[in-house]
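Asker: Following this message is one structure expressed as structure tokens.
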2 protein chains.
Amino acid sequence: MKKKLSTKENPKQEERQPRRYSSEESRRLLIEATLDSIVDVGFSSTSVSEIVTRANLSRGMVHLYFDNKDTLLVAAAKHAAEVYFRNLSDQLESAGSRPQEIIETVILSDLGEALLNERMVKIWFAFRGEAHANKAITQFSDTRDEQLRGMIFDAFVEVAIEQGEPEPAKFARDTTHGTLALLEGMWTDFLLHSDSFSRKSAARIIFRFLSGVYPQHFDLDGAIVK
Amino acid sequence: MKKKLSTKENPKQEERQPRRYSSEESRRLLIEATLDSIVDVGFSSTSVSEIVTRANLSRGMVHLYFDNKDTLLVAAAKHAAEVYFRNLSDQLESAGSRPQEIIETVILSDLGEALLNERMVKIWFAFRGEAHANKAITQFSDTRDEQLRGMIFDAFVEVAIEQGEPEPAKFARDTTHGTLALLEGMWTDFLLHSDSFSRKSAARIIFRFLSGVYPQHFDLDGAIVK
DNA sequence: CCCATATATGGACGTACATTCATTTTATGA
DNA sequence: TCATAAAATGAATGTACGTCCATATATGGG
């Protein structure tokens, strides 16, 4: 039972990386298993045994592809953050270019099923709970990174100028901060009361607040686009 | 070295509770040490050894006063929640009775140093991170309980009626939900960026949103009281 | 003054943990 | 076809964990 199949297909197509089974695949399996474990049994019950069992791999794999358990946890946090931002970016690609449409897209994406779901929420809050004890995780536990923040801020500056605010930058800074805080609060709400949570209500509430400060640009249904 | 001192002072003053050293005191020490450990080394590094060392007590104490480690953790979560609500209640006692003053007090108290500080934030988020894996902790991980929510809602209904909203209850429900979400978001902000966090900004942002929806009752400094 | 009892101690126990590493399995270039 | 190195395995190791419990100490009532 030495060589079952030679599998000599693709003789010159992917010969560049001489990987036997697939180290990348194993890495990915371990990261996914780690996130699954955090979702199912929690951060503090997520052991190496738990992870390798879920990944259907042997114990040694963790230390073959990651220095140690901690490195794997950080890689899992990084992966979760990448999934979040990639999805948000994708949804912004296909959005309108007017500032109030950009803001609307961020809000509705952040509250959409693809990003705001039980798995994601449990993962984010698990990492946040451990963030202050593990500095490497801290950098990946903030959903609102500088790039995103900057984009929303720029959009708010535009609408603040349009409606003739005396201090548009200051006004936009506050509404950016407030909008992101509202979204964070909605995520917390989903974590603690996922059964009674309503995406529609959450969006309406945020737009209600925005229509209060930008009455010409937002109403209860989102961006006003003429 | 049998009896070093009889310490027969206070012969009839505190004789009511026949406690030798003080079981309540030891319970309290263990709970405080648990919270200290969570703050300093994180939830997953909080072991029984870590706790008893911090409390200057022996290993056996945990199982003398609590069934097991888990019971102690739940007691610590309960204690943290009680401290939060007691403090908030106290501050509400000495507040004005007009609805916009009640709302202002809740917001400023929730953002004040007594409630929103590094210790509190780390404790809350640590418990929240474990909440879904430990159902007993879940009930103590929500800062916004029904009683508080109801009080804020009632206050918002009053001001919604005063300004002639067509659907005051619906309007108040949304603004209650939104205000609590904003506060949750500010706590998250404090957790992730405690160095750059400003209580003044946080309050101004919330009042800016409230002045948008209740222009006759709030401005950037809080409640408008004539 | 002594004894019953509450309070406290810390060594011992079995388990589960993260990590190591000698060995085996597999894939592919030569 | 075979040699080689990458990929994968899982038994072994030592440590730290939660819990138990036999023992010690302090206290106040009788």
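To be explicit about the labels: the chains of the structure tokens are called A, B, and onward in the order shown, and within each one the residues are counted from 1, while ligands get numbers from 1 in the order they are shown.
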Pull out every residue of chain B that has at least one atom within 8 Å of chain A, counting only C-alpha atoms, and report them as number ranges by chain.
Answerer: B: 40-44, 122, 125-130, 132-133, 138, 142, 174-175, 177-178, 180-186, 188-189, 192, 201, 205-206, 208-213
Asker: Just write the chosen residues, N, CA and C atoms, as a CSV table (one decimal), in the first residue's frame.
Answerer:
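Okay, this is what ended up in part02.csv:
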```csv
chain,number,residue,atom,x,y,z
B,40,ASP,N,-6.7,42.0,35.5
B,40,ASP,CA,-5.3,41.9,35.3
B,40,ASP,C,-4.8,40.9,34.3
B,41,VAL,N,-5.3,39.7,34.4
B,41,VAL,CA,-4.8,38.6,33.5
B,41,VAL,C,-5.8,38.0,32.6
B,42,GLY,N,-7.0,38.5,32.7
B,42,GLY,CA,-8.1,38.0,31.7
B,42,GLY,C,-8.8,36.8,32.3
B,43,PHE,N,-10.0,36.6,31.7
B,43,PHE,CA,-10.9,35.5,32.1
B,43,PHE,C,-10.2,34.1,32.0
B,44,SER,N,-9.6,33.8,30.9
B,44,SER,CA,-9.1,32.5,30.7
B,44,SER,C,-7.9,32.2,31.5
B,122,LYS,N,-13.4,46.2,31.5
B,122,LYS,CA,-12.8,44.9,31.3
B,122,LYS,C,-13.6,43.8,31.9
B,125,PHE,N,-16.8,43.2,29.6
B,125,PHE,CA,-16.6,42.6,28.3
B,125,PHE,C,-16.0,41.1,28.5
B,126,ALA,N,-15.3,40.9,29.6
B,126,ALA,CA,-14.8,39.6,29.9
B,126,ALA,C,-16.0,38.6,30.1
B,127,PHE,N,-17.0,39.1,30.9
B,127,PHE,CA,-18.1,38.2,31.2
B,127,PHE,C,-19.0,38.0,29.9
B,128,ARG,N,-19.1,39.1,29.1
B,128,ARG,CA,-19.9,39.0,27.9
B,128,ARG,C,-19.2,38.0,26.9
B,129,GLY,N,-17.9,38.0,26.9
B,129,GLY,CA,-17.2,37.1,26.0
B,129,GLY,C,-17.5,35.6,26.3
B,130,GLU,N,-17.8,35.4,27.6
B,130,GLU,CA,-18.0,34.0,28.1
B,130,GLU,C,-19.5,33.7,28.2
B,132,HIS,N,-22.2,33.4,26.4
B,132,HIS,CA,-22.9,32.4,25.6
B,132,HIS,C,-22.5,31.0,25.9
B,133,ALA,N,-21.3,30.8,26.6
B,133,ALA,CA,-20.8,29.5,27.0
B,133,ALA,C,-21.2,29.1,28.4
B,138,THR,N,-24.9,34.8,31.7
B,138,THR,CA,-25.7,35.6,30.7
B,138,THR,C,-26.6,36.6,31.4
B,142,ASP,N,-25.9,41.8,31.0
B,142,ASP,CA,-26.7,42.9,30.3
B,142,ASP,C,-26.8,44.1,31.2
B,174,ASP,N,-38.1,53.7,19.9
B,174,ASP,CA,-36.9,53.8,19.1
B,174,ASP,C,-35.8,54.7,19.8
B,175,THR,N,-36.2,55.8,20.3
B,175,THR,CA,-35.2,56.6,20.9
B,175,THR,C,-34.6,56.0,22.2
B,177,HIS,N,-34.2,52.7,22.6
B,177,HIS,CA,-33.4,51.7,22.1
B,177,HIS,C,-32.1,52.3,21.5
B,178,GLY,N,-32.2,53.4,20.8
B,178,GLY,CA,-31.1,54.1,20.2
B,178,GLY,C,-30.1,54.7,21.3
B,180,LEU,N,-29.7,53.7,24.4
B,180,LEU,CA,-29.0,52.6,25.1
B,180,LEU,C,-27.9,52.0,24.2
B,181,ALA,N,-28.2,51.9,22.9
B,181,ALA,CA,-27.2,51.4,21.9
B,181,ALA,C,-26.1,52.4,21.9
B,182,LEU,N,-26.3,53.6,21.9
B,182,LEU,CA,-25.3,54.6,21.9
B,182,LEU,C,-24.4,54.5,23.1
B,183,LEU,N,-25.0,54.3,24.2
B,183,LEU,CA,-24.2,54.1,25.5
B,183,LEU,C,-23.4,52.8,25.4
B,184,GLU,N,-24.0,51.7,24.9
B,184,GLU,CA,-23.2,50.5,24.7
B,184,GLU,C,-22.0,50.7,23.8
B,185,GLY,N,-22.3,51.4,22.7
B,185,GLY,CA,-21.2,51.7,21.8
B,185,GLY,C,-20.1,52.6,22.4
B,186,MET,N,-20.4,53.5,23.3
B,186,MET,CA,-19.4,54.3,23.9
B,186,MET,C,-18.6,53.4,24.9
B,188,THR,N,-17.9,50.3,24.4
B,188,THR,CA,-17.0,49.5,23.5
B,188,THR,C,-15.8,50.4,23.1
B,189,ASP,N,-16.2,51.7,22.8
B,189,ASP,CA,-15.2,52.6,22.4
B,189,ASP,C,-14.1,52.8,23.5
B,192,LEU,N,-11.8,49.7,23.7
B,192,LEU,CA,-10.8,49.6,22.6
B,192,LEU,C,-9.9,50.8,22.5
B,201,SER,N,-16.9,64.3,24.9
B,201,SER,CA,-17.3,64.1,23.5
B,201,SER,C,-18.4,63.1,23.5
B,205,ILE,N,-22.0,63.9,21.8
B,205,ILE,CA,-22.5,63.2,20.6
B,205,ILE,C,-23.9,62.6,20.9
B,206,ILE,N,-24.1,62.0,22.1
B,206,ILE,CA,-25.4,61.5,22.4
B,206,ILE,C,-26.4,62.6,22.4
B,208,ARG,N,-26.3,65.4,21.0
B,208,ARG,CA,-26.5,65.9,19.6
B,208,ARG,C,-27.5,65.1,18.9
B,209,PHE,N,-27.4,63.8,19.0
B,209,PHE,CA,-28.5,63.0,18.4
B,209,PHE,C,-29.8,63.2,19.0
B,210,LEU,N,-29.9,63.3,20.3
B,210,LEU,CA,-31.1,63.6,21.0
B,210,LEU,C,-31.7,64.9,20.7
B,211,SER,N,-30.9,65.9,20.5
B,211,SER,CA,-31.4,67.3,20.1
B,211,SER,C,-32.0,67.2,18.7
B,212,GLY,N,-31.5,66.3,17.9
B,212,GLY,CA,-32.0,66.2,16.6
B,212,GLY,C,-33.5,65.6,16.6
B,213,VAL,N,-33.7,64.7,17.5
B,213,VAL,CA,-35.1,64.1,17.5
B,213,VAL,C,-36.0,64.8,18.6
```
Asker: Select residues of chain C: the criterion is any atom within 12 Å of an atom of chain A, counting only C-alpha atoms (C1' of nucleotides); output as a list in words.
Answerer: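 The contacting residues on chain C are DA16, DC17, DA18, DT19, DT20, DC21, DT24, DT25, DT26, DA27, DT28 and DG29 of chain C.
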Asker: Figure out the distance between atom C1' of DA22 of chain C and atom C1' of DG14 of chain D, please, to one decimal in Å.
Answerer: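 Rounded to one decimal, the two atoms are 18.0 Å apart.
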Asker: Using only C-alpha atoms (C1' of nucleotides) and a cut-off of 7 Å, which residues of chain D sit close to chain A? Please list them as a compact mmCIF listing (two decimals) with all heavy atoms, in the first residue's frame.
Answerer:
```
# COMPACT_ATOMS: atom_id res chain seq x y z
P DA D 6 11.47 20.03 2.56
OP1 DA D 6 12.19 21.20 2.02
OP2 DA D 6 11.78 19.51 3.90
O5' DA D 6 9.91 20.30 2.47
C5' DA D 6 9.24 20.19 1.22
C4' DA D 6 7.92 19.48 1.42
O4' DA D 6 8.16 18.09 1.75
C3' DA D 6 7.06 20.05 2.55
O3' DA D 6 5.76 20.25 2.05
C2' DA D 6 7.10 18.97 3.63
C1' DA D 6 7.29 17.71 2.79
N9 DA D 6 7.93 16.60 3.50
C8 DA D 6 9.16 16.59 4.10
N7 DA D 6 9.49 15.43 4.63
C5 DA D 6 8.40 14.62 4.36
C6 DA D 6 8.14 13.27 4.65
N6 DA D 6 8.97 12.48 5.31
N1 DA D 6 6.96 12.77 4.22
C2 DA D 6 6.11 13.56 3.56
N3 DA D 6 6.26 14.85 3.22
C4 DA D 6 7.43 15.32 3.66
P DA D 7 4.65 20.93 2.88
OP1 DA D 7 3.73 21.60 1.93
OP2 DA D 7 5.30 21.67 3.97
O5' DA D 7 3.89 19.68 3.49
C5' DA D 7 3.25 18.76 2.64
C4' DA D 7 2.59 17.69 3.45
O4' DA D 7 3.61 16.84 4.04
C3' DA D 7 1.73 18.21 4.61
O3' DA D 7 0.46 17.61 4.49
C2' DA D 7 2.47 17.76 5.87
C1' DA D 7 3.24 16.53 5.37
N9 DA D 7 4.48 16.22 6.07
C8 DA D 7 5.51 17.05 6.36
N7 DA D 7 6.53 16.47 6.97
C5 DA D 7 6.12 15.14 7.08
C6 DA D 7 6.75 14.00 7.63
N6 DA D 7 7.97 14.02 8.17
N1 DA D 7 6.07 12.84 7.57
C2 DA D 7 4.86 12.82 7.01
N3 DA D 7 4.17 13.83 6.46
C4 DA D 7 4.87 14.97 6.52
P DT D 9 -2.94 13.60 10.07
OP1 DT D 9 -4.15 12.84 9.71
OP2 DT D 9 -3.05 14.94 10.66
O5' DT D 9 -2.08 12.71 11.05
C5' DT D 9 -1.73 11.39 10.65
C4' DT D 9 -0.86 10.75 11.69
O4' DT D 9 0.36 11.51 11.81
C3' DT D 9 -1.46 10.73 13.09
O3' DT D 9 -1.78 9.40 13.42
C2' DT D 9 -0.37 11.33 14.01
C1' DT D 9 0.86 11.30 13.12
N1 DT D 9 1.86 12.38 13.37
C2 DT D 9 3.08 12.05 13.89
O2 DT D 9 3.39 10.91 14.18
N3 DT D 9 3.94 13.10 14.07
C4 DT D 9 3.70 14.44 13.76
O4 DT D 9 4.54 15.30 13.96
C5 DT D 9 2.39 14.72 13.22
C7 DT D 9 2.02 16.12 12.87
C6 DT D 9 1.54 13.69 13.05
```
Asker: Env of Glu101 of chain B: 9 Å cut, atoms = only C-alpha atoms (C1' of nucleotides), seq-sep filter 5 positions within chain, self excluded. Answer as a PyMOL selection string.
Answerer: chain B and resi 95-96+106+155+222-225
Asker: So which bits of segment 23-112 of chain B end up helix (DSSP H, G or I) when you DSSP the backbone, as a VMD selection string?
Answerer: chain B and resid 23 to 41 48 to 55 61 to 65 69 to 93 99 to 111
Asker: Calculate how many Å separate atom CA of Ser196 of chain B from atom CA of Glu113 of chain B, rounding to one decimal.
Answerer: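 Computed distance, atom CA of Ser196 of chain B to atom CA of Glu113 of chain B, equals 14.9 Å.
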Asker: When DSSP works through the backbone of this structure, what residues of segment 20-226 of chain A end up as strand (DSSP E), shown as a list in words?
Answerer: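 DSSP on the backbone gives strand (DSSP E) at Phe218, Asp219, Gly222 and Ala223 of chain A.
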Asker: I'd like the contact shell of Leu73 of chain B - 9 Å cut-off, only C-alpha atoms (C1' of nucleotides), skipping same-chain residues fewer than 3 positions apart - returned as a VMD selection string.
Answerer: chain B and resid 31 34 to 35 68 to 70 76 to 78 137
Asker: Would you save the residues from that selection as a short mmCIF file (atom, residue, chain, number, x, y, z; two decimals), in the first residue's frame, using N, CA and C atoms?
Answerer:
```cif
data_model
loop_
_atom_site.label_atom_id
_atom_site.label_comp_id
_atom_site.auth_asym_id
_atom_site.auth_seq_id
_atom_site.Cartn_x
_atom_site.Cartn_y
_atom_site.Cartn_z
N ILE B 31 -14.52 37.16 45.90
CA ILE B 31 -15.19 37.79 44.76
C ILE B 31 -14.34 38.94 44.22
N THR B 34 -11.37 37.64 42.42
CA THR B 34 -11.76 37.11 41.11
C THR B 34 -11.85 38.23 40.08
N LEU B 35 -12.52 39.32 40.47
CA LEU B 35 -12.66 40.44 39.55
C LEU B 35 -11.29 41.08 39.26
N ASN B 68 -18.03 25.53 43.64
CA ASN B 68 -16.89 25.29 42.77
C ASN B 68 -16.48 26.62 42.12
N LYS B 69 -15.50 26.55 41.26
CA LYS B 69 -15.00 27.77 40.62
C LYS B 69 -16.09 28.48 39.83
N ASP B 70 -16.90 27.71 39.14
CA ASP B 70 -17.95 28.29 38.31
C ASP B 70 -18.93 29.12 39.13
N ALA B 76 -19.31 36.50 41.16
CA ALA B 76 -18.55 37.71 40.82
C ALA B 76 -19.28 38.54 39.76
N ALA B 77 -19.87 37.86 38.79
CA ALA B 77 -20.64 38.56 37.75
C ALA B 77 -21.84 39.24 38.38
N LYS B 78 -22.51 38.53 39.28
CA LYS B 78 -23.67 39.10 39.96
C LYS B 78 -23.26 40.34 40.76
N ILE B 137 -24.03 33.12 33.64
CA ILE B 137 -23.42 34.45 33.56
C ILE B 137 -24.24 35.37 32.67
#
```
Asker: Find the nearest atom pair between each residue of segment 3-26 of chain D and segment 8-12 of chain C for residues within 12 Å, count only C-alpha atoms (C1' of nucleotides), give distances in Å to one decimal, sort rows by chain and ascending number, and present the table as a tab-separated table.
Answerer:
```
residue	atom	partner	partner_atom	distance
D:DT19	C1'	C:DA12	C1'	10.6
D:DC20	C1'	C:DA12	C1'	8.7
D:DC21	C1'	C:DA12	C1'	9.1
D:DA22	C1'	C:DG11	C1'	9.7
D:DT23	C1'	C:DT9	C1'	8.2
D:DA24	C1'	C:DT9	C1'	7.1
D:DT25	C1'	C:DA8	C1'	7.4
D:DA26	C1'	C:DA8	C1'	9.1
```
Asker: Just write the chosen residues, C-alpha atoms (C1' of nucleotides), as a tab-separated table (two decimals), in the first residue's frame.
Answerer:
```tsv
chain	number	residue	atom	x	y	z
D	19	DT	C1'	-11.42	19.53	43.62
D	20	DC	C1'	-11.18	16.88	47.85
D	21	DC	C1'	-10.27	16.12	52.57
D	22	DA	C1'	-7.69	15.16	56.79
D	23	DT	C1'	-6.04	18.31	59.80
D	24	DA	C1'	-5.37	22.65	62.38
D	25	DT	C1'	-6.92	26.84	64.59
D	26	DA	C1'	-9.88	30.23	66.51
```
Asker: State, in Å with one decimal place, the distance from atom CA of Ala80 of chain B to atom CA of Phe140 of chain B.
Answerer: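 Interatomic distance here is 8.2 Å.
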Asker: Applying 10 Å and only C-alpha atoms (C1' of nucleotides), which residues near Met151 of chain A remain after dropping the ones on its own chain fewer than 3 positions away? List them as a list in words.
Answerer: Pro99, Ile102, Ile103, Val106, Glu146, Gln147, Leu148, Asp154, Ala155, Phe156, Val157 and Thr176 of chain A
